[in-house]
file run_26.cif (mmCIF, C-alpha atoms, pLDDT in the B column; chains and numbers go by the auth columns)
data_upload
loop_
_atom_site.group_PDB
_atom_site.id
_atom_site.type_symbol
_atom_site.label_atom_id
_atom_site.label_comp_id
_atom_site.label_asym_id
_atom_site.label_seq_id
_atom_site.Cartn_x
_atom_site.Cartn_y
_atom_site.Cartn_z
_atom_site.B_iso_or_equiv
_atom_site.auth_seq_id
_atom_site.auth_asym_id
ATOM 1 C CA ALA A 1 21.862 -20.894 -7.644 57.00 1 A
ATOM 2 C CA ASP A 2 20.179 -21.035 -11.064 72.00 2 A
ATOM 3 C CA GLY A 3 18.267 -17.820 -10.394 75.00 3 A
ATOM 4 C CA GLU A 4 16.712 -19.115 -7.184 75.00 4 A
ATOM 5 C CA ILE A 5 15.476 -16.492 -4.724 75.00 5 A
ATOM 6 C CA ARG A 6 15.272 -17.912 -1.227 81.00 6 A
ATOM 7 C CA PRO A 7 15.433 -16.762 2.396 79.00 7 A
ATOM 8 C CA PHE A 8 18.817 -16.669 4.088 79.00 8 A
ATOM 9 C CA ARG A 9 19.777 -19.803 5.996 81.00 9 A
ATOM 10 C CA ALA A 10 21.973 -20.394 9.017 81.00 10 A
ATOM 11 C CA ALA A 11 24.619 -21.980 6.775 84.00 11 A
ATOM 12 C CA ASP A 12 24.988 -18.713 4.849 80.00 12 A
ATOM 13 C CA PHE A 13 26.425 -17.103 7.984 77.00 13 A
ATOM 14 C CA GLU A 14 28.833 -19.766 9.187 81.00 14 A
ATOM 15 C CA GLY A 15 31.997 -18.034 10.399 76.00 15 A
ATOM 16 C CA ALA A 16 30.470 -14.569 10.017 74.00 16 A
ATOM 17 C CA VAL A 17 30.100 -11.966 12.737 69.00 17 A
ATOM 18 C CA GLY A 18 26.495 -10.872 13.218 67.00 18 A
ATOM 19 C CA ILE A 19 24.700 -8.245 15.235 67.00 19 A
ATOM 20 C CA ASN A 20 23.809 -8.860 18.856 68.00 20 A
ATOM 21 C CA PRO A 21 19.985 -8.866 18.876 66.00 21 A
ATOM 22 C CA ALA A 22 19.961 -8.530 22.674 68.00 22 A
ATOM 23 C CA VAL A 23 21.091 -4.904 22.309 65.00 23 A
ATOM 24 C CA VAL A 24 17.574 -3.859 21.324 73.00 24 A
ATOM 25 C CA ASP A 25 15.510 -6.922 22.261 76.00 25 A
ATOM 26 C CA LEU A 26 15.094 -8.215 18.723 78.00 26 A
ATOM 27 C CA ALA A 27 13.451 -11.610 18.389 77.00 27 A
ATOM 28 C CA LEU A 28 15.767 -13.306 15.897 80.00 28 A
ATOM 29 C CA ASP A 29 16.442 -16.961 15.240 80.00 29 A
ATOM 30 C CA GLY A 30 20.021 -16.053 14.315 77.00 30 A
ATOM 31 C CA PRO A 31 22.087 -13.438 12.441 75.00 31 A
ATOM 32 C CA TRP A 32 20.530 -14.460 9.116 75.00 32 A
ATOM 33 C CA ASP A 33 17.120 -13.446 10.443 76.00 33 A
ATOM 34 C CA TYR A 34 18.284 -9.831 10.798 77.00 34 A
ATOM 35 C CA LEU A 35 18.232 -9.553 7.005 78.00 35 A
ATOM 36 C CA HIS A 36 14.698 -10.931 6.664 80.00 36 A
ATOM 37 C CA GLY A 37 12.580 -7.803 6.442 82.00 37 A
ATOM 38 C CA GLU A 38 15.318 -5.353 7.486 86.00 38 A
ATOM 39 C CA ASN A 39 14.598 -3.024 4.566 91.00 39 A
ATOM 40 C CA SER A 40 11.072 -4.245 3.920 92.00 40 A
ATOM 41 C CA ILE A 41 9.552 -0.753 4.014 95.00 41 A
ATOM 42 C CA THR A 42 12.071 0.719 1.584 96.00 42 A
ATOM 43 C CA ASN A 43 11.886 -2.223 -0.814 95.00 43 A
ATOM 44 C CA SER A 44 8.090 -2.283 -0.797 97.00 44 A
ATOM 45 C CA GLY A 45 7.895 1.473 -1.339 98.00 45 A
ATOM 46 C CA ILE A 46 10.320 1.470 -4.264 98.00 46 A
ATOM 47 C CA TYR A 47 8.622 -1.530 -5.830 98.00 47 A
ATOM 48 C CA LEU A 48 5.193 0.069 -5.355 98.00 48 A
ATOM 49 C CA ALA A 49 6.423 3.198 -7.133 98.00 49 A
ATOM 50 C CA SER A 50 7.741 1.076 -10.014 98.00 50 A
ATOM 51 C CA GLN A 51 4.388 -0.634 -10.422 98.00 51 A
ATOM 52 C CA ALA A 52 2.534 2.690 -10.271 98.00 52 A
ATOM 53 C CA TYR A 53 4.693 3.939 -13.144 98.00 53 A
ATOM 54 C CA ARG A 54 4.077 0.640 -14.925 98.00 54 A
ATOM 55 C CA ILE A 55 0.304 1.096 -14.559 98.00 55 A
ATOM 56 C CA GLN A 56 0.583 4.569 -16.083 97.00 56 A
ATOM 57 C CA VAL A 57 2.341 3.078 -19.117 97.00 57 A
ATOM 58 C CA GLU A 58 0.420 -0.190 -19.398 95.00 58 A
ATOM 59 C CA ASP A 59 -2.557 -0.645 -17.091 96.00 59 A
ATOM 60 C CA SER A 60 -2.538 -4.428 -16.982 97.00 60 A
ATOM 61 C CA PRO A 61 -3.916 -6.930 -14.468 97.00 61 A
ATOM 62 C CA ALA A 62 -0.342 -8.069 -13.772 97.00 62 A
ATOM 63 C CA ALA A 63 0.798 -4.536 -12.901 97.00 63 A
ATOM 64 C CA ARG A 64 -2.257 -4.040 -10.679 98.00 64 A
ATOM 65 C CA GLU A 65 -1.623 -7.342 -8.920 98.00 65 A
ATOM 66 C CA GLN A 66 2.018 -6.474 -8.227 97.00 66 A
ATOM 67 C CA ALA A 67 1.082 -2.997 -6.983 98.00 67 A
ATOM 68 C CA THR A 68 -1.518 -4.515 -4.676 98.00 68 A
ATOM 69 C CA GLN A 69 1.080 -6.897 -3.228 97.00 69 A
ATOM 70 C CA ALA A 70 3.565 -4.087 -2.599 98.00 70 A
ATOM 71 C CA PHE A 71 0.858 -1.942 -1.034 98.00 71 A
ATOM 72 C CA ARG A 72 -0.235 -4.865 1.145 98.00 72 A
ATOM 73 C CA SER A 73 3.327 -5.208 2.413 97.00 73 A
ATOM 74 C CA LEU A 74 3.264 -1.582 3.607 98.00 74 A
ATOM 75 C CA GLU A 75 -0.204 -2.083 5.091 98.00 75 A
ATOM 76 C CA LEU A 76 1.041 -5.067 7.113 97.00 76 A
ATOM 77 C CA VAL A 77 3.934 -3.090 8.598 97.00 77 A
ATOM 78 C CA PHE A 78 1.584 -0.177 9.311 98.00 78 A
ATOM 79 C CA ALA A 79 -0.761 -2.601 11.107 98.00 79 A
ATOM 80 C CA MET A 80 2.139 -3.683 13.341 96.00 80 A
ATOM 81 C CA GLY A 81 2.428 -0.084 14.560 96.00 81 A
ATOM 82 C CA VAL A 82 -1.306 0.139 15.162 97.00 82 A
ATOM 83 C CA ALA A 83 -1.203 -3.137 17.117 97.00 83 A
ATOM 84 C CA ALA A 84 1.649 -1.719 19.228 95.00 84 A
ATOM 85 C CA GLY A 85 -0.472 1.335 20.065 96.00 85 A
ATOM 86 C CA LYS A 86 1.655 3.578 17.836 96.00 86 A
ATOM 87 C CA PRO A 87 -0.253 4.362 14.623 97.00 87 A
ATOM 88 C CA GLY A 88 2.191 5.724 12.073 97.00 88 A
ATOM 89 C CA TRP A 89 5.139 3.751 13.485 96.00 89 A
ATOM 90 C CA MET A 90 6.705 1.775 10.636 97.00 90 A
ATOM 91 C CA ASN A 91 9.100 -0.650 12.283 94.00 91 A
ATOM 92 C CA LYS A 92 11.810 -2.629 10.559 92.00 92 A
ATOM 93 C CA PRO A 93 10.218 -6.099 10.748 91.00 93 A
ATOM 94 C CA TYR A 94 13.390 -8.071 11.393 87.00 94 A
ATOM 95 C CA GLY A 95 12.702 -11.769 10.932 84.00 95 A
ATOM 96 C CA PHE A 96 9.253 -10.725 9.633 85.00 96 A
ATOM 97 C CA ARG A 97 8.252 -9.898 13.219 88.00 97 A
ATOM 98 C CA PRO A 98 7.408 -6.561 14.844 90.00 98 A
ATOM 99 C CA SER A 99 10.476 -4.795 16.222 88.00 99 A
ATOM 100 C CA ASN A 100 11.238 -1.639 18.184 88.00 100 A
ATOM 101 C CA GLN A 101 13.589 -0.279 15.515 89.00 101 A
ATOM 102 C CA THR A 102 13.180 1.909 12.447 91.00 102 A
ATOM 103 C CA SER A 103 14.930 4.677 10.542 89.00 103 A
ATOM 104 C CA PRO A 104 13.305 7.704 8.897 89.00 104 A
ATOM 105 C CA ASP A 105 14.765 6.921 5.468 89.00 105 A
ATOM 106 C CA GLN A 106 12.372 3.963 5.316 92.00 106 A
ATOM 107 C CA TYR A 107 9.480 6.451 5.382 96.00 107 A
ATOM 108 C CA LEU A 108 10.915 8.357 2.447 94.00 108 A
ATOM 109 C CA ASP A 109 10.761 5.321 0.172 95.00 109 A
ATOM 110 C CA ALA A 110 7.375 4.211 1.499 97.00 110 A
ATOM 111 C CA CYS A 111 5.931 7.657 0.815 97.00 111 A
ATOM 112 C CA TRP A 112 7.353 7.776 -2.697 97.00 112 A
ATOM 113 C CA GLY A 113 5.566 4.521 -3.460 98.00 113 A
ATOM 114 C CA LEU A 114 2.350 5.555 -1.729 98.00 114 A
ATOM 115 C CA TYR A 115 2.273 8.934 -3.480 98.00 115 A
ATOM 116 C CA ARG A 116 2.871 7.491 -6.937 98.00 116 A
ATOM 117 C CA TYR A 117 0.374 4.677 -6.352 98.00 117 A
ATOM 118 C CA HIS A 118 -2.282 7.078 -5.035 98.00 118 A
ATOM 119 C CA ALA A 119 -2.597 8.544 -8.536 97.00 119 A
ATOM 120 C CA VAL A 120 -3.627 5.186 -10.037 98.00 120 A
ATOM 121 C CA ALA A 121 -4.995 3.266 -7.035 98.00 121 A
ATOM 122 C CA PRO A 122 -8.594 2.193 -6.454 97.00 122 A
ATOM 123 C CA GLY A 123 -10.610 4.414 -4.107 96.00 123 A
ATOM 124 C CA GLU A 124 -10.252 2.176 -1.060 97.00 124 A
ATOM 125 C CA HIS A 125 -6.476 2.178 -1.390 98.00 125 A
ATOM 126 C CA ARG A 126 -6.375 5.963 -1.912 98.00 126 A
ATOM 127 C CA ARG A 127 -8.273 6.521 1.344 98.00 127 A
ATOM 128 C CA LYS A 128 -5.915 4.177 3.210 98.00 128 A
ATOM 129 C CA ILE A 129 -2.864 5.931 1.759 98.00 129 A
ATOM 130 C CA GLU A 130 -4.161 9.321 2.896 98.00 130 A
ATOM 131 C CA ALA A 131 -4.754 8.015 6.431 98.00 131 A
ATOM 132 C CA MET A 132 -1.385 6.253 6.574 98.00 132 A
ATOM 133 C CA VAL A 133 0.619 9.304 5.493 98.00 133 A
ATOM 134 C CA ALA A 134 -1.183 11.547 7.983 98.00 134 A
ATOM 135 C CA ALA A 135 -0.461 8.974 10.701 98.00 135 A
ATOM 136 C CA PHE A 136 3.234 8.976 9.750 98.00 136 A
ATOM 137 C CA ALA A 137 3.453 12.739 10.278 98.00 137 A
ATOM 138 C CA ASP A 138 1.390 12.552 13.468 98.00 138 A
ATOM 139 C CA TYR A 139 3.586 9.806 14.883 97.00 139 A
ATOM 140 C CA TRP A 140 6.867 11.683 14.457 97.00 140 A
ATOM 141 C CA ARG A 141 5.469 14.975 15.734 97.00 141 A
ATOM 142 C CA GLY A 142 3.914 13.100 18.673 97.00 142 A
ATOM 143 C CA VAL A 143 7.277 11.655 19.771 96.00 143 A
ATOM 144 C CA ASP A 144 8.983 15.034 19.256 96.00 144 A
ATOM 145 C CA TYR A 145 11.046 13.556 16.410 96.00 145 A
ATOM 146 C CA THR A 146 12.879 11.238 18.783 94.00 146 A
ATOM 147 C CA ILE A 147 14.463 8.009 17.620 90.00 147 A
ATOM 148 C CA GLU A 148 16.364 5.189 19.262 85.00 148 A
ATOM 149 C CA TYR A 149 18.296 3.167 16.735 81.00 149 A
ATOM 150 C CA PHE A 150 20.627 0.563 18.245 79.00 150 A
ATOM 151 C CA GLY A 151 21.663 3.045 20.905 77.00 151 A
ATOM 152 C CA PRO A 152 20.650 6.080 22.954 82.00 152 A
ATOM 153 C CA ALA A 153 17.714 8.277 21.968 87.00 153 A
ATOM 154 C CA ALA A 154 18.339 11.208 19.650 89.00 154 A
ATOM 155 C CA LYS A 155 16.078 14.101 18.631 92.00 155 A
ATOM 156 C CA PHE A 156 16.133 15.471 15.107 91.00 156 A
ATOM 157 C CA GLY A 157 13.239 17.947 15.153 93.00 157 A
ATOM 158 C CA ASN A 158 15.667 20.804 14.521 93.00 158 A
ATOM 159 C CA ASP A 159 17.808 18.925 12.018 91.00 159 A
ATOM 160 C CA ARG A 160 18.866 20.965 9.009 90.00 160 A
ATOM 161 C CA GLY A 161 19.946 18.177 6.667 91.00 161 A
ATOM 162 C CA TYR A 162 18.911 14.657 5.793 88.00 162 A
ATOM 163 C CA GLN A 163 16.294 14.068 8.527 92.00 163 A
ATOM 164 C CA ASN A 164 14.922 17.556 7.863 94.00 164 A
ATOM 165 C CA ALA A 165 14.318 16.684 4.214 94.00 165 A
ATOM 166 C CA THR A 166 12.493 13.488 5.159 95.00 166 A
ATOM 167 C CA MET A 167 10.216 15.157 7.718 96.00 167 A
ATOM 168 C CA LEU A 168 9.544 18.117 5.435 97.00 168 A
ATOM 169 C CA MET A 169 8.404 15.631 2.788 97.00 169 A
ATOM 170 C CA LEU A 170 6.206 13.733 5.276 97.00 170 A
ATOM 171 C CA ASN A 171 4.415 16.841 6.462 98.00 171 A
ATOM 172 C CA ALA A 172 4.059 18.323 2.983 98.00 172 A
ATOM 173 C CA LEU A 173 2.558 15.066 1.750 98.00 173 A
ATOM 174 C CA ALA A 174 0.206 14.859 4.755 98.00 174 A
ATOM 175 C CA HIS A 175 -0.947 18.401 3.949 98.00 175 A
ATOM 176 C CA HIS A 176 -1.358 17.473 0.285 98.00 176 A
ATOM 177 C CA PHE A 177 -3.668 14.581 1.196 98.00 177 A
ATOM 178 C CA THR A 178 -5.612 16.180 4.073 97.00 178 A
ATOM 179 C CA GLY A 179 -5.465 19.935 3.534 98.00 179 A
ATOM 180 C CA GLN A 180 -4.872 20.361 7.282 98.00 180 A
ATOM 181 C CA ALA A 181 -2.931 23.498 8.150 98.00 181 A
ATOM 182 C CA ALA A 182 -0.959 21.821 10.969 98.00 182 A
ATOM 183 C CA TYR A 183 0.954 19.739 8.434 98.00 183 A
ATOM 184 C CA ARG A 184 1.659 22.749 6.194 98.00 184 A
ATOM 185 C CA LEU A 185 2.959 24.744 9.163 98.00 185 A
ATOM 186 C CA GLU A 186 5.233 21.886 10.218 98.00 186 A
ATOM 187 C CA ALA A 187 6.512 21.488 6.659 98.00 187 A
ATOM 188 C CA GLU A 188 7.232 25.224 6.568 98.00 188 A
ATOM 189 C CA ARG A 189 9.064 24.999 9.902 97.00 189 A
ATOM 190 C CA PHE A 190 11.341 22.291 8.515 96.00 190 A
ATOM 191 C CA ARG A 191 11.796 24.266 5.274 96.00 191 A
ATOM 192 C CA ASP A 192 12.886 27.345 7.196 96.00 192 A
ATOM 193 C CA LEU A 193 15.432 25.313 9.178 95.00 193 A
ATOM 194 C CA ALA A 194 16.831 23.461 6.185 94.00 194 A
ATOM 195 C CA ASP A 195 20.272 23.871 4.721 93.00 195 A
ATOM 196 C CA TRP A 196 20.198 20.734 2.525 91.00 196 A
ATOM 197 C CA MET A 197 18.744 22.654 -0.425 87.00 197 A
ATOM 198 C CA SER A 198 21.937 24.697 -0.777 87.00 198 A
ATOM 199 C CA GLY A 199 24.477 22.195 0.496 78.00 199 A
ATOM 200 C CA SER A 200 25.099 18.527 1.064 64.00 200 A
#

call {"tool": "encode", "arguments": {"input": "run_26.cif", "output": "structure tokens"}}
result
Amino acid sequence: ADGEIRPFRAADFEGAVGINPAVVDLALDGPWDYLHGENSITNSGIYLASQAYRIQVEDSPAAREQATQAFRSLELVFAMGVAAGKPGWMNKPYGFRPSNQTSPDQYLDACWGLYRYHAVAPGEHRRKIEAMVAAFADYWRGVDYTIEYFGPAAKFGNDRGYQNATMLMLNALAHHFTGQAAYRLEAERFRDLADWMSGS
């Protein structure tokens, strides 16, 4: 009300059907908590990109401060993966807690923000971005492009569409930042499998 931005509350979900957090061992206080942080990675990445563009137009302390906050959000989620022994794992932090769930589209938006910000970021942030993006590519290759999202495991390493485009981008960006041939070769492998460039 009156332009207020606030967290969801239990009362907002009275009479609503929510997800069953027991399906994937999510630590939620209730169905409202599922929406706290569910798309944190995507939102932070898109907002980081917007602030990077803003810095290019008007390099102000306010734009820098907002970019730093968005970048810090991605750093915090990245740190959750490191703490779980899975560097490069960007979980969906449901309820602002580490979870065992993610989806590759979250990486797409994070990388857009990180790439755009890299061009205007201070040196320390640029080095972190380079390491984070390489870790993203390493993580997915290391688990053979396997994901479990609210159900049985699925592999998408030979995907020709949407997941292909995301992983091609990840590996191309990792090669861009590191120059390592392994990332270029993996990007080329995804490119050669792809059919999304000529279809839907």

call {"tool": "closest_residue", "arguments": {"input": "run_26.cif", "among": "A:Thr178, A:Asn43, A:Gln106, A:Asn158", "to": "Arg127 in chain A", "atoms": "only C-alpha atoms"}}
result
A:Thr178

call {"tool": "residues_near_point", "arguments": {"input": "run_26.cif", "point": "(6.8, 16.0, 5.5)", "cutoff": "9 Å", "atoms": "all atoms listed in the file", "output": "list in words"}}
result
Phe136, Ala137, Asn164, Ala165, Thr166, Met167, Leu168, Met169, Leu170, Asn171, Ala172, Leu173, Ala174, His175, Tyr183, Arg184, Glu186, Ala187 and Phe190 of chain A

call {"tool": "residues_near_point", "arguments": {"input": "run_26.cif", "point": "(15.6, -5.0, 7.2)", "cutoff": "10 Å", "atoms": "all atoms listed in the file", "output": "PDB file with C-alpha atoms, in the coordinates of the input"}}
result
ATOM      1  CA  ASP A  33      17.120 -13.446  10.443  1.00 76.00           C
ATOM      2  CA  TYR A  34      18.284  -9.831  10.798  1.00 77.00           C
ATOM      3  CA  LEU A  35      18.232  -9.553   7.005  1.00 78.00           C
ATOM      4  CA  HIS A  36      14.698 -10.931   6.664  1.00 80.00           C
ATOM      5  CA  GLY A  37      12.580  -7.803   6.442  1.00 82.00           C
ATOM      6  CA  GLU A  38      15.318  -5.353   7.486  1.00 86.00           C
ATOM      7  CA  ASN A  39      14.598  -3.024   4.566  1.00 91.00           C
ATOM      8  CA  SER A  40      11.072  -4.245   3.920  1.00 92.00           C
ATOM      9  CA  ILE A  41       9.552  -0.753   4.014  1.00 95.00           C
ATOM     10  CA  THR A  42      12.071   0.719   1.584  1.00 96.00           C
ATOM     11  CA  ASN A  43      11.886  -2.223  -0.814  1.00 95.00           C
ATOM     12  CA  ASN A  91       9.100  -0.650  12.283  1.00 94.00           C
ATOM     13  CA  LYS A  92      11.810  -2.629  10.559  1.00 92.00           C
ATOM     14  CA  PRO A  93      10.218  -6.099  10.748  1.00 91.00           C
ATOM     15  CA  TYR A  94      13.390  -8.071  11.393  1.00 87.00           C
ATOM     16  CA  GLY A  95      12.702 -11.769  10.932  1.00 84.00           C
ATOM     17  CA  PHE A  96       9.253 -10.725   9.633  1.00 85.00           C
ATOM     18  CA  GLN A 101      13.589  -0.279  15.515  1.00 89.00           C
ATOM     19  CA  THR A 102      13.180   1.909  12.447  1.00 91.00           C
ATOM     20  CA  GLN A 106      12.372   3.963   5.316  1.00 92.00           C
TER      21      GLN A 106
END

call {"tool": "closest_residue", "arguments": {"input": "run_26.cif", "among": "A:Pro61, A:Gly199, A:Gly179, A:Pro7", "to": "Glu130 in chain A", "atoms": "only C-alpha atoms"}}
result
A:Gly179

call {"tool": "resolve_selection", "arguments": {"input": "run_26.cif", "expression": "the PyMOL selection byres ((chain A and resi 139-151) around 10)", "output": "ChimeraX atom specification"}}
result
/A:20-21,23-25,81,86-90,100-104,133-138,152-159,163,167,170-171,183,186

call {"tool": "closest_residue", "arguments": {"input": "run_26.cif", "among": "A:Ile129, A:Met197, A:Ala70, A:Ala27", "to": "Tyr47 in chain A", "atoms": "only C-alpha atoms"}}
result
A:Ala70

call {"tool": "closest_residue", "arguments": {"input": "run_26.cif", "among": "A:Ile5, A:Leu114, A:Met80, A:Ile55", "to": "Pro98 in chain A", "atoms": "all atoms listed in the file"}}
result
A:Met80

call {"tool": "residues_around", "arguments": {"input": "run_26.cif", "residues": "Pro122 in chain A", "least_positions_apart": "2", "cutoff": "12 Å", "atoms": "only C-alpha atoms", "output": "VMD selection string"}}
result
chain A and resid 52 64 67 to 68 71 117 to 120 124 to 129

call {"tool": "build_atoms", "arguments": {"input": "run_26.cif", "residues": "range 35-65 of chain A", "atoms": "N, CA and C atoms", "output": "mmCIF file, in the frame of the given file"}}
result
data_model
loop_
_atom_site.group_PDB
_atom_site.id
_atom_site.type_symbol
_atom_site.label_atom_id
_atom_site.label_comp_id
_atom_site.auth_asym_id
_atom_site.auth_seq_id
_atom_site.Cartn_x
_atom_site.Cartn_y
_atom_site.Cartn_z
ATOM 1 N N LEU A 35 18.396 -10.024 8.382
ATOM 2 C CA LEU A 35 18.232 -9.553 7.005
ATOM 3 C C LEU A 35 16.856 -9.861 6.430
ATOM 4 N N HIS A 36 16.065 -10.649 7.119
ATOM 5 C CA HIS A 36 14.698 -10.931 6.664
ATOM 6 C C HIS A 36 13.791 -9.782 7.082
ATOM 7 N N GLY A 37 13.483 -8.915 6.157
ATOM 8 C CA GLY A 37 12.580 -7.803 6.442
ATOM 9 C C GLY A 37 13.278 -6.529 6.876
ATOM 10 N N GLU A 38 14.601 -6.516 6.951
ATOM 11 C CA GLU A 38 15.318 -5.353 7.486
ATOM 12 C C GLU A 38 14.997 -4.083 6.701
ATOM 13 N N ASN A 39 14.942 -4.179 5.396
ATOM 14 C CA ASN A 39 14.598 -3.024 4.566
ATOM 15 C C ASN A 39 13.266 -3.240 3.850
ATOM 16 N N SER A 40 12.373 -3.927 4.516
ATOM 17 C CA SER A 40 11.072 -4.245 3.920
ATOM 18 C C SER A 40 10.315 -2.999 3.478
ATOM 19 N N ILE A 41 10.327 -1.963 4.310
ATOM 20 C CA ILE A 41 9.552 -0.753 4.014
ATOM 21 C C ILE A 41 10.105 -0.063 2.770
ATOM 22 N N THR A 42 11.420 0.106 2.743
ATOM 23 C CA THR A 42 12.071 0.719 1.584
ATOM 24 C C THR A 42 11.814 -0.086 0.316
ATOM 25 N N ASN A 43 12.047 -1.386 0.382
ATOM 26 C CA ASN A 43 11.886 -2.223 -0.814
ATOM 27 C C ASN A 43 10.447 -2.214 -1.314
ATOM 28 N N SER A 44 9.501 -2.295 -0.394
ATOM 29 C CA SER A 44 8.090 -2.283 -0.797
ATOM 30 C C SER A 44 7.709 -0.944 -1.401
ATOM 31 N N GLY A 45 8.213 0.148 -0.815
ATOM 32 C CA GLY A 45 7.895 1.473 -1.339
ATOM 33 C C GLY A 45 8.447 1.689 -2.734
ATOM 34 N N ILE A 46 9.703 1.302 -2.944
ATOM 35 C CA ILE A 46 10.320 1.470 -4.264
ATOM 36 C C ILE A 46 9.618 0.586 -5.299
ATOM 37 N N TYR A 47 9.293 -0.638 -4.887
ATOM 38 C CA TYR A 47 8.622 -1.530 -5.830
ATOM 39 C C TYR A 47 7.209 -1.023 -6.137
ATOM 40 N N LEU A 48 6.525 -0.489 -5.127
ATOM 41 C CA LEU A 48 5.193 0.069 -5.355
ATOM 42 C C LEU A 48 5.266 1.230 -6.344
ATOM 43 N N ALA A 49 6.261 2.088 -6.182
ATOM 44 C CA ALA A 49 6.423 3.198 -7.133
ATOM 45 C C ALA A 49 6.643 2.664 -8.548
ATOM 46 N N SER A 50 7.467 1.628 -8.680
ATOM 47 C CA SER A 50 7.741 1.076 -10.014
ATOM 48 C C SER A 50 6.474 0.543 -10.660
ATOM 49 N N GLN A 51 5.622 -0.074 -9.870
ATOM 50 C CA GLN A 51 4.388 -0.634 -10.422
ATOM 51 C C GLN A 51 3.363 0.459 -10.727
ATOM 52 N N ALA A 52 3.404 1.549 -9.955
ATOM 53 C CA ALA A 52 2.534 2.690 -10.271
ATOM 54 C C ALA A 52 2.934 3.297 -11.612
ATOM 55 N N TYR A 53 4.227 3.452 -11.842
ATOM 56 C CA TYR A 53 4.693 3.939 -13.144
ATOM 57 C C TYR A 53 4.304 2.946 -14.248
ATOM 58 N N ARG A 54 4.435 1.676 -13.945
ATOM 59 C CA ARG A 54 4.077 0.640 -14.925
ATOM 60 C C ARG A 54 2.600 0.741 -15.293
ATOM 61 N N ILE A 55 1.743 0.966 -14.304
ATOM 62 C CA ILE A 55 0.304 1.096 -14.559
ATOM 63 C C ILE A 55 0.035 2.294 -15.459
ATOM 64 N N GLN A 56 0.781 3.380 -15.253
ATOM 65 C CA GLN A 56 0.583 4.569 -16.083
ATOM 66 C C GLN A 56 0.952 4.292 -17.550
ATOM 67 N N VAL A 57 1.907 3.401 -17.748
ATOM 68 C CA VAL A 57 2.341 3.078 -19.117
ATOM 69 C C VAL A 57 1.471 1.981 -19.709
ATOM 70 N N GLU A 58 1.174 0.967 -18.917
ATOM 71 C CA GLU A 58 0.420 -0.190 -19.398
ATOM 72 C C GLU A 58 -0.437 -0.709 -18.242
ATOM 73 N N ASP A 59 -1.668 -0.285 -18.199
ATOM 74 C CA ASP A 59 -2.557 -0.645 -17.091
ATOM 75 C C ASP A 59 -3.050 -2.083 -17.287
ATOM 76 N N SER A 60 -2.236 -3.015 -16.800
ATOM 77 C CA SER A 60 -2.538 -4.428 -16.982
ATOM 78 C C SER A 60 -2.907 -5.074 -15.653
ATOM 79 N N PRO A 61 -3.624 -6.197 -15.700
ATOM 80 C CA PRO A 61 -3.916 -6.930 -14.468
ATOM 81 C C PRO A 61 -2.647 -7.324 -13.711
ATOM 82 N N ALA A 62 -1.589 -7.671 -14.432
ATOM 83 C CA ALA A 62 -0.342 -8.069 -13.772
ATOM 84 C C ALA A 62 0.262 -6.904 -12.996
ATOM 85 N N ALA A 63 0.262 -5.711 -13.595
ATOM 86 C CA ALA A 63 0.798 -4.536 -12.901
ATOM 87 C C ALA A 63 -0.040 -4.210 -11.677
ATOM 88 N N ARG A 64 -1.351 -4.304 -11.812
ATOM 89 C CA ARG A 64 -2.257 -4.040 -10.679
ATOM 90 C C ARG A 64 -2.025 -5.050 -9.554
ATOM 91 N N GLU A 65 -1.829 -6.300 -9.933
ATOM 92 C CA GLU A 65 -1.623 -7.342 -8.920
ATOM 93 C C GLU A 65 -0.323 -7.111 -8.162
#
